[in-house]
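Structure record follows, encoded as structure tokens.
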Amino acid sequence: MLRFDRRLLQHFDWIILLWLALIATMCLMNLYSAVYPDKPPGTPVYIKQLYYFIMGMGLVLAIISVDYRIFMSWNYPMYGAICLLLLYALIMGKTLSGAQRWISLGFFNLQPSEPAKLMLVITLASYYSRKDTGKGFTLKELGIPIALTTVPFLLIMKQPDLGTALMLGFIFVSMTLFVKLKWQTLNILLGVCASFIPIAWKFILKPYQRQRIETFLNPEADPLNSGYHIMQSKIAVGSGLTFGKGYLAGTQGHLDFLPERHTDFAFSIWAEEFGFVGSVLFLSIYFFLILWGLNSAVSSRDKFGTLLCIGVVSLIFWQAFINLAMVMGMLPVVGMPLPLFSYGGSSLLTTMAGIGILISVRMRRYQVPS
Amino acid sequence: MPRIRRTVEKIHKIDEEELIILKKRVDIATALIIVFIAVLIARLWFLQIKKGEEYVKLSENNRIRIQQIQAPRGNILDRFGRVIITNRPYFNLVWTKEDAPNPDDVVKRLAQILHEDISNLLTSIREASGQPRYMPILLKEDIDWKTLVYIENHHFELPGVRVEAVPSRDYLYGNMASHLIGYLGQINKEELENRKDSKYQGGDLIGKMGIEKLYEKELRGEKGYRYLEVDVLGFEQQILRHQDPLPGNDLQLTIDSDLQLTAEKALEGVGGAVVAMDVNTGKLLALASSPPLQLNEFIGGISTKVWQEHLNDPLHPLIDKTIQGQYPPGSTYKIVTALAGLGEKIITPQTIFYCNGGLNIYNRRYGCWKPSGHGAISLQRALSESCDVYFYQVGQRLGVDRLAAYAESLGLGQKTGIDLENEKPGLIPTSVWKKKKKNESWQDGETLSIAIGQGFDLATPLQICRMTAALVNGGKLYKPQIIEAIKDPEGATIKKFQPDLLGTVYGSAQDRKLIIKGLIDAVNTKHGTAGSAKISSITVGGKTGTAQVVRMAKFRSIPQSLLPRKYKDHAWFTCFAPAEKPEIAITVLVEHSGHGGSVAAPIAKQVLEEYFKDKIIVETDQ
């Protein structure tokens with residue numbers, strides 16, 4: 001039963017591991033620069049991030065050691081647990097900059113909204129793979145996945161964490177589109193969404209969230225407050241020119257003009273110090289990982305595996321795209337890390353768990369269920 | 001692991017047909033992702049390549065603060081190189097409400113430290129109660145070193161109290177030559193706009209008056225700069241580059257500070273002016289206007305209240321009377337009439353007129369200052385005793401225009417061209433002038449008033465002094481000079497100013513000699529009007545003058561001493577010495593004080609004695 005399948009090792013995805021190591025190196029290097037030359041008390045963030053990478057590797061090993069198909073049956077209990085954690089965070093959680101997102105585990109502050117994203121991927125993959133979707137989903141058939149998405153969405157929205165809540169929406173839309181909808185369903189959904197936007201603006205968004213969006217649309221109107229982050233980030237990126245200011249020689253970051261530079265705005269540091277050439281190189285490496293993940297989707301011999309890969313890829317891709325677009329001043333500031341690159345344990349562990357799933361699916365591609 | 005197997009059995013296997021569909025969808029997703037990557041790269045290109053330079057500028061603006069280092073302003077020296085004005089910081093004690101809302105304890109403490117009455121400090125605070133809370137309130141200006149050190153050492157006990165260093169001028173000779181030197185003030189908006197290309201910025205001090213203003217360019221030097229790298233809170237990280245300031249150049253004046261001080265002391269308490277000129281070069285040795293400006297009032301800006309007080313002061317301290325005060329020249333103008341009379345051959349030294357105390361002409365009587373009359377009188381005695389009737393006769397024969405021509409050749413009725421602002425030209429009337437100005441024909445009787453320096457005639461003390469110098473230096477009219485040289489901070493001369501000869505006086509040397517003789521007699525003979533200017537060992541020549549302020553006959557019958565000040569005559573005296581080989585010309589004017597001989601000449605005497613202090617042989621009893 002539990003005999004070791006040699007083929008598992010044969011089909012191990014060394015490339016994704018190599019790429020992970022490459023991105024981790026860039027991340028740590030960039031974090032070192034982000035806090036350079038400050039010497040705050042306690043463990044520096046790049047060391048902490050290194051610990052998280054090591055923990056993440058452990059997580060990857062744990063995930064690939066079990067057949068991913070088992071998640072199909074563990075799916076709903078896990079889903080329920082995450083929702084309870086979200087509820088717990090909402091009621092008892094630690095408040096950070098006005099939002100209740102954290103559960104203190106003593107050694108680690110868990111942000112349950114991060115694993116919630118991955119949980120939604122597994123849940124939706126599981127649901128869609130059980131349903132035959134040859135002809136595309138009808139609106140009625142979408143009821144359950146919509147409900148499955150809405151529960152954590154509302155819980156996270158309530159924290160409030162607009163960025164993560166939106167991510168759940170993006171995951172849902174990406175995966176649902178991938179499994180194919182009926183045209184009619186798509187049209188109705190689009191219509192509902194369009195009519196929902198003004199209602200959301202008026203009743204759901206908090207004033208500061210509305211202000212962020214307004215600031216984004218007209219940043220000069222408020223250059224000292226919300227517009228400040230966008231402006232300083234654009235200055236950091238733009239002033240990098242072709243080859244950058246050199247490693248550890250960025251001025252926007254080291255003189256504190258750049259806010260949140262080890263978390264959401266980590267890429268600004270990179271772009272300032274390595275310029276256009278360095279940034280394009282970074283994007284090439286980074287998006288190769290994403291495209292490779294997408295490639296894993298077609299390597300799978302079962303629909304659950306395919307949908308897991310699609311979900312994980314959309315999870316990483318949308319976060320990356322929104323973060324980069326935000327850093328470059330193309331989108332309003334929403335709290336959204338750059339997966340694998342921004343400092344933060346919850347995000348990193350979640351992303352690495354996702355990558356574990358990608359590896360797991362790929363290495364089991366010939367393990368066709370009998 | 002039966003559960004796994006069960007699960008795995010449920011797994012939806014993908015067949016070939018489905019695989020093709022999936023691959024198609026993954027391809028679409030791949031294409032979409034590539035499009036998104038392209039968007040990001042395009043954006044990077046836009047920010048870093050297309051607009052990169054703009055962002056570089058913005059990032060430099062973020063991090064670089066340019067700090068100016070003020071250049072030490074040039075010193076001002078007197079003609080012997082003695083420093084009159086230099087620089088020093090003033091340390092002012094200020095208190096900010098925002099930093100310490102409750103002033104009581106602090107003020108109590110400060111009153112002890114400053115040895116000042118507590119109510120004075122509280123008054124300063126109360127007066128500033130309308131100000132914003134962050135604005136420092138000035139408690140005491142210019143505190144001394146001991147107080148400064150004490151306050152700096154105890155600043156924890158004195159919340160809100162700060163010492164502000166204000167760079168400023170140090171007036172080593174007090175208010176000496178204050179009108180001439182002028183003062184500094186913060187650059188105003190208009191001045192800033194006029195100097196757009198220069199390196200001035202708001203808050204800089206700039207010369208506002210006098211040579212501080214006119215020689216601003218020489219004195220100010222060049223500011224230095226520090227390019228500081230600062231963080232987001234403005235804390236200095238490092239100096240990127242710096243440039244030391246270049247100190248301003250020193251200005252050496254032609255003024256002799258001993259003479260200037262003597263003149264100012266002699267003028268103390270009156271409104272008046274003393275001008276002393278080196279007759280052979282036009283260099284001014286003293287240029288004193290009384291009362292002086294209180295230069296310390298201008299440090300940090302003069303208050304409107306004080307300014308208004310000065311404006312209303314009957315002694316007019318704000319007016320530089322040497323170049324801006326225009327007075328009828330009175331009898332000093334008889335020099336002009338005499339020169340014109342001789343030059344135009346209307347009189348000779350032997351010409352005699354008869355003075356019976358007045359002249360009846362044009363249907364009225366023109367009185368002499370001496371009602372009993374001078375009797376038969378010739379030029380020399382007419383000058384020394386200042387007989388009005390003699391000069392009425394000369395003037396009447398000359399006519400206004402010929403008189404004016406000589407006056408102009410002596411530099412009257414026009415600006416002297418001295419390097420100071422707002423000089424007044426005085427007035428020498430001509431018939432054309434009157435026609436143009438008043439649209440009236442010249443009245444013959446007016447010529448008589450003109451001939452003795454009354455009527456329309458107006459002159460500044462500087463003009464009269466230069467006229468005196470031209471009379472005794474061989475007829476040379478120089479531009480009055482106040483700057484001797486510009487020197488670099490090491491003391492090397494950069495530019496030396498040379499005498500500027502503007503013209504020569506009408507009339508022959510012989511004529512001037514005759515007049516000089518009359519002026520020597522005025523000081524040195526028994527009946528001369530200027531005996532009070534006589535000094536031992538040195539022969540002085542001079543002419544008194546009394547400029548009428550009120551011309552109406554009914555007032556003139558009242559003794560001057562009984563008139564209110566503003567109706568009293570101005571006293572003139574202009575002189576030169578030594579008579580044999582003149583070196584110096586001195587002109588004194590005292591406003592509303594009476595006769596030249598009694599008021600102005602004694603002042604000139606003090607200045608002469610100072611000038612000749614090394615040559616005067618003290619008479620001792622033997």
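Residue numbering restarts at 1 for every chain of the structure tokens, chains are lettered A, B, ... in their displayed order, and ligands are numbered from 1 as they appear.
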
Practice item. Taking only C-alpha atoms into account, report as a PyMOL selection string which residues of chain A lie within 6 Å of chain B. Key: chain A and resi 70+235+238-239+241+255-257+301-303+369

Go ahead and dump the residues you just picked, C-alpha atoms, as a compact mmCIF listing (two decimals), in the first residue's frame.
# COMPACT_ATOMS: atom_id res chain seq x y z
CA ILE A 70 -6.99 13.07 -0.68
CA ILE A 235 9.22 57.80 -8.01
CA GLY A 238 10.81 55.53 -12.31
CA SER A 239 14.07 56.85 -10.91
CA LEU A 241 16.07 54.21 -15.12
CA LEU A 255 15.67 57.26 3.27
CA ASP A 256 12.22 55.99 4.23
CA PHE A 257 10.31 57.78 1.49
CA ARG A 301 -4.50 13.13 -15.79
CA ASP A 302 -7.47 13.99 -13.64
CA LYS A 303 -9.73 16.98 -13.55
CA PRO A 369 -6.06 6.08 -10.64

Study note, to complete from the structure: Of A:Pro77, A:Ile63, A:Ile310, A:Cys27, the one sitting nearest Pro339 in chain A when using only C-alpha atoms is A:Cys27

Exercise for review: From range 133-264 of chain A, collect each residue whose DSSP state is helix (DSSP H, G or I) and return the set as a PyMOL selection string.
Suggested key: chain A and resi 143-157+162-178+183-204+207-217+219-221+226-238+251-254

Residues of the last selection are to be written out with C-alpha atoms, as a PDB file, in the first residue's frame.
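Output below, filename part-v7.pdb:
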ATOM      1  CA  GLY A 143     -25.349  28.369  -6.660  1.00  0.00           C
ATOM      2  CA  ILE A 144     -23.180  26.157  -4.454  1.00  0.00           C
ATOM      3  CA  PRO A 145     -19.758  27.485  -5.616  1.00  0.00           C
ATOM      4  CA  ILE A 146     -21.059  31.041  -5.248  1.00  0.00           C
ATOM      5  CA  ALA A 147     -22.194  30.283  -1.737  1.00  0.00           C
ATOM      6  CA  LEU A 148     -18.861  28.575  -0.956  1.00  0.00           C
ATOM      7  CA  THR A 149     -17.048  31.708  -2.086  1.00  0.00           C
ATOM      8  CA  THR A 150     -19.376  34.187  -0.452  1.00  0.00           C
ATOM      9  CA  VAL A 151     -19.010  32.928   3.134  1.00  0.00           C
ATOM     10  CA  PRO A 152     -15.230  33.513   3.470  1.00  0.00           C
ATOM     11  CA  PHE A 153     -15.554  36.581   1.200  1.00  0.00           C
ATOM     12  CA  LEU A 154     -17.913  38.288   3.618  1.00  0.00           C
ATOM     13  CA  LEU A 155     -15.899  37.228   6.654  1.00  0.00           C
ATOM     14  CA  ILE A 156     -12.726  38.711   5.185  1.00  0.00           C
ATOM     15  CA  MET A 157     -14.527  41.797   3.899  1.00  0.00           C
ATOM     16  CA  LEU A 162     -10.609  44.391   0.666  1.00  0.00           C
ATOM     17  CA  GLY A 163      -7.574  43.030  -1.187  1.00  0.00           C
ATOM     18  CA  THR A 164      -7.873  39.475   0.077  1.00  0.00           C
ATOM     19  CA  ALA A 165     -11.638  39.471  -0.306  1.00  0.00           C
ATOM     20  CA  LEU A 166     -11.233  40.543  -3.912  1.00  0.00           C
ATOM     21  CA  MET A 167      -8.688  37.751  -4.375  1.00  0.00           C
ATOM     22  CA  LEU A 168     -11.374  35.211  -3.458  1.00  0.00           C
ATOM     23  CA  GLY A 169     -13.528  36.769  -6.132  1.00  0.00           C
ATOM     24  CA  PHE A 170     -10.738  36.553  -8.687  1.00  0.00           C
ATOM     25  CA  ILE A 171     -10.085  32.897  -7.830  1.00  0.00           C
ATOM     26  CA  PHE A 172     -13.770  32.110  -8.160  1.00  0.00           C
ATOM     27  CA  VAL A 173     -14.103  33.887 -11.486  1.00  0.00           C
ATOM     28  CA  SER A 174     -10.897  32.412 -12.929  1.00  0.00           C
ATOM     29  CA  MET A 175     -11.731  28.833 -11.985  1.00  0.00           C
ATOM     30  CA  THR A 176     -15.364  29.126 -12.976  1.00  0.00           C
ATOM     31  CA  LEU A 177     -14.486  30.562 -16.372  1.00  0.00           C
ATOM     32  CA  PHE A 178     -11.983  27.765 -16.827  1.00  0.00           C
ATOM     33  CA  TRP A 183     -23.182  32.005 -22.358  1.00  0.00           C
ATOM     34  CA  GLN A 184     -26.468  32.849 -20.767  1.00  0.00           C
ATOM     35  CA  THR A 185     -25.009  32.306 -17.284  1.00  0.00           C
ATOM     36  CA  LEU A 186     -22.034  34.484 -18.087  1.00  0.00           C
ATOM     37  CA  ASN A 187     -24.253  37.283 -19.325  1.00  0.00           C
ATOM     38  CA  ILE A 188     -26.462  37.181 -16.252  1.00  0.00           C
ATOM     39  CA  LEU A 189     -23.447  37.141 -13.950  1.00  0.00           C
ATOM     40  CA  LEU A 190     -21.904  40.105 -15.735  1.00  0.00           C
ATOM     41  CA  GLY A 191     -25.187  41.990 -15.462  1.00  0.00           C
ATOM     42  CA  VAL A 192     -25.446  41.259 -11.734  1.00  0.00           C
ATOM     43  CA  CYS A 193     -21.838  42.320 -11.186  1.00  0.00           C
ATOM     44  CA  ALA A 194     -22.320  45.574 -13.078  1.00  0.00           C
ATOM     45  CA  SER A 195     -25.356  46.487 -11.030  1.00  0.00           C
ATOM     46  CA  PHE A 196     -23.553  45.425  -7.863  1.00  0.00           C
ATOM     47  CA  ILE A 197     -20.683  47.908  -8.285  1.00  0.00           C
ATOM     48  CA  PRO A 198     -22.605  51.093  -7.367  1.00  0.00           C
ATOM     49  CA  ILE A 199     -24.250  49.304  -4.434  1.00  0.00           C
ATOM     50  CA  ALA A 200     -20.870  48.091  -3.232  1.00  0.00           C
ATOM     51  CA  TRP A 201     -19.452  51.615  -3.572  1.00  0.00           C
ATOM     52  CA  LYS A 202     -22.226  53.081  -1.546  1.00  0.00           C
ATOM     53  CA  PHE A 203     -22.872  50.478   1.149  1.00  0.00           C
ATOM     54  CA  ILE A 204     -20.060  47.965   1.361  1.00  0.00           C
ATOM     55  CA  PRO A 207     -14.831  55.413   3.617  1.00  0.00           C
ATOM     56  CA  TYR A 208     -11.053  54.863   3.610  1.00  0.00           C
ATOM     57  CA  GLN A 209     -11.417  52.256   0.887  1.00  0.00           C
ATOM     58  CA  ARG A 210     -13.474  54.634  -1.207  1.00  0.00           C
ATOM     59  CA  GLN A 211     -10.875  57.306  -0.606  1.00  0.00           C
ATOM     60  CA  ARG A 212      -8.085  55.030  -1.753  1.00  0.00           C
ATOM     61  CA  ILE A 213      -9.871  54.417  -5.014  1.00  0.00           C
ATOM     62  CA  GLU A 214     -10.668  58.092  -5.462  1.00  0.00           C
ATOM     63  CA  THR A 215      -7.058  58.934  -4.715  1.00  0.00           C
ATOM     64  CA  PHE A 216      -5.929  56.465  -7.287  1.00  0.00           C
ATOM     65  CA  LEU A 217      -8.126  58.059  -9.911  1.00  0.00           C
ATOM     66  CA  PRO A 219      -3.568  61.126  -7.034  1.00  0.00           C
ATOM     67  CA  GLU A 220      -2.521  64.792  -7.233  1.00  0.00           C
ATOM     68  CA  ALA A 221      -5.588  65.817  -5.223  1.00  0.00           C
ATOM     69  CA  SER A 226      -3.308  58.282   0.321  1.00  0.00           C
ATOM     70  CA  GLY A 227      -1.691  59.535  -2.873  1.00  0.00           C
ATOM     71  CA  TYR A 228       1.669  59.608  -1.129  1.00  0.00           C
ATOM     72  CA  HIS A 229       2.259  55.871  -1.277  1.00  0.00           C
ATOM     73  CA  ILE A 230       1.487  55.671  -4.969  1.00  0.00           C
ATOM     74  CA  MET A 231       3.592  58.720  -5.770  1.00  0.00           C
ATOM     75  CA  GLN A 232       6.613  57.609  -3.766  1.00  0.00           C
ATOM     76  CA  SER A 233       6.441  54.158  -5.261  1.00  0.00           C
ATOM     77  CA  LYS A 234       6.254  55.551  -8.790  1.00  0.00           C
ATOM     78  CA  ILE A 235       9.215  57.799  -8.008  1.00  0.00           C
ATOM     79  CA  ALA A 236      11.182  54.810  -6.730  1.00  0.00           C
ATOM     80  CA  VAL A 237      10.397  52.696  -9.793  1.00  0.00           C
ATOM     81  CA  GLY A 238      10.806  55.528 -12.306  1.00  0.00           C
ATOM     82  CA  THR A 251      17.463  56.393  -2.112  1.00  0.00           C
ATOM     83  CA  GLN A 252      13.693  56.196  -1.955  1.00  0.00           C
ATOM     84  CA  GLY A 253      13.822  53.090   0.161  1.00  0.00           C
ATOM     85  CA  HIS A 254      16.784  53.763   2.391  1.00  0.00           C
TER      86      HIS A 254
END

Exercise for review: Give me the residues within 7 Å of Gln454 in chain B as number ranges by chain, counting only C-alpha atoms and dropping any in the same chain fewer than 6 places off.
Suggested key: B: 328-330, 547-548

For the residues in that selection, give me N, CA and C atoms as a compact mmCIF listing (two decimals), in the first residue's frame.
# COMPACT_ATOMS: atom_id res chain seq x y z
N PRO B 328 17.09 127.56 1.75
CA PRO B 328 17.60 128.76 1.07
C PRO B 328 19.03 128.96 1.54
N PRO B 329 19.97 129.15 0.63
CA PRO B 329 21.38 129.22 1.04
C PRO B 329 21.71 130.48 1.83
N GLY B 330 20.81 131.45 1.83
CA GLY B 330 21.08 132.66 2.59
C GLY B 330 22.35 133.34 2.12
N ALA B 547 19.10 131.49 6.65
CA ALA B 547 18.05 131.22 5.67
C ALA B 547 16.71 131.54 6.32
N GLN B 548 16.02 132.49 5.69
CA GLN B 548 14.74 132.87 6.27
C GLN B 548 13.71 131.77 6.05

Practice item. Write out as a ChimeraX atom specification the residues lying within 10 Å of Tyr362 in chain B, counting only C-alpha atoms and excluding same-chain residues fewer than 5 positions away. Key: /B:443-445

I need the chosen residues saved as an mmCIF file, in the first residue's frame, with C-alpha atoms.
data_model
loop_
_atom_site.group_PDB
_atom_site.id
_atom_site.type_symbol
_atom_site.label_atom_id
_atom_site.label_comp_id
_atom_site.auth_asym_id
_atom_site.auth_seq_id
_atom_site.Cartn_x
_atom_site.Cartn_y
_atom_site.Cartn_z
ATOM 1 C CA GLN B 443 9.842 140.066 -11.260
ATOM 2 C CA ASP B 444 12.917 142.302 -10.952
ATOM 3 C CA GLY B 445 12.417 142.490 -7.189
#

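For Ile47 in chain A, the list of residues within 10 Å, based on only C-alpha atoms and with local chain neighbours fewer than 3 positions off taken out, reads Leu28, Leu31, Tyr32, Thr43, Pro44, Leu50, Tyr51, Tyr52 and Phe53 of chain A.
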
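The protein and nucleic acid residues lying at most 12 Å from Glu344 in chain B are Val336, Thr337, Ala338, Leu339, Ala340, Gly341, Leu342, Ile346, Ile347, Thr348, Val394, Gly395, Arg397, Leu398, Gly399, Arg402, Leu403, Ala405, Tyr406, Tyr506, Gly507, Ser508 and Asp511 of chain B, with only C-alpha atoms considered and sequence neighbours fewer than 2 positions away removed.
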
Exercise for review: Return as an MDAnalysis selection string the full set of residues in range 15-89 of chain B whose backbone-based DSSP assignment is strand (DSSP E or B).
Suggested key: chainID B and resid 64:69 76:77 83:89

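When CA of Glu591 in chain B is paired with CA of Ile302 in chain B, their separation reads 26.4 Å.
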
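Atom to atom, CA of Asn175 in chain B and CA of Glu484 in chain B stand 20.6 Å apart.
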
Practice item. Would you mind listing what lies within 12 Å of Ile323 in chain B as a PyMOL selection string, with only C-alpha atoms counted and same-chain residues fewer than 5 positions away left out? Key: chain B and resi 179-180+210+272-275+287-289+414-426+458-466+480+589
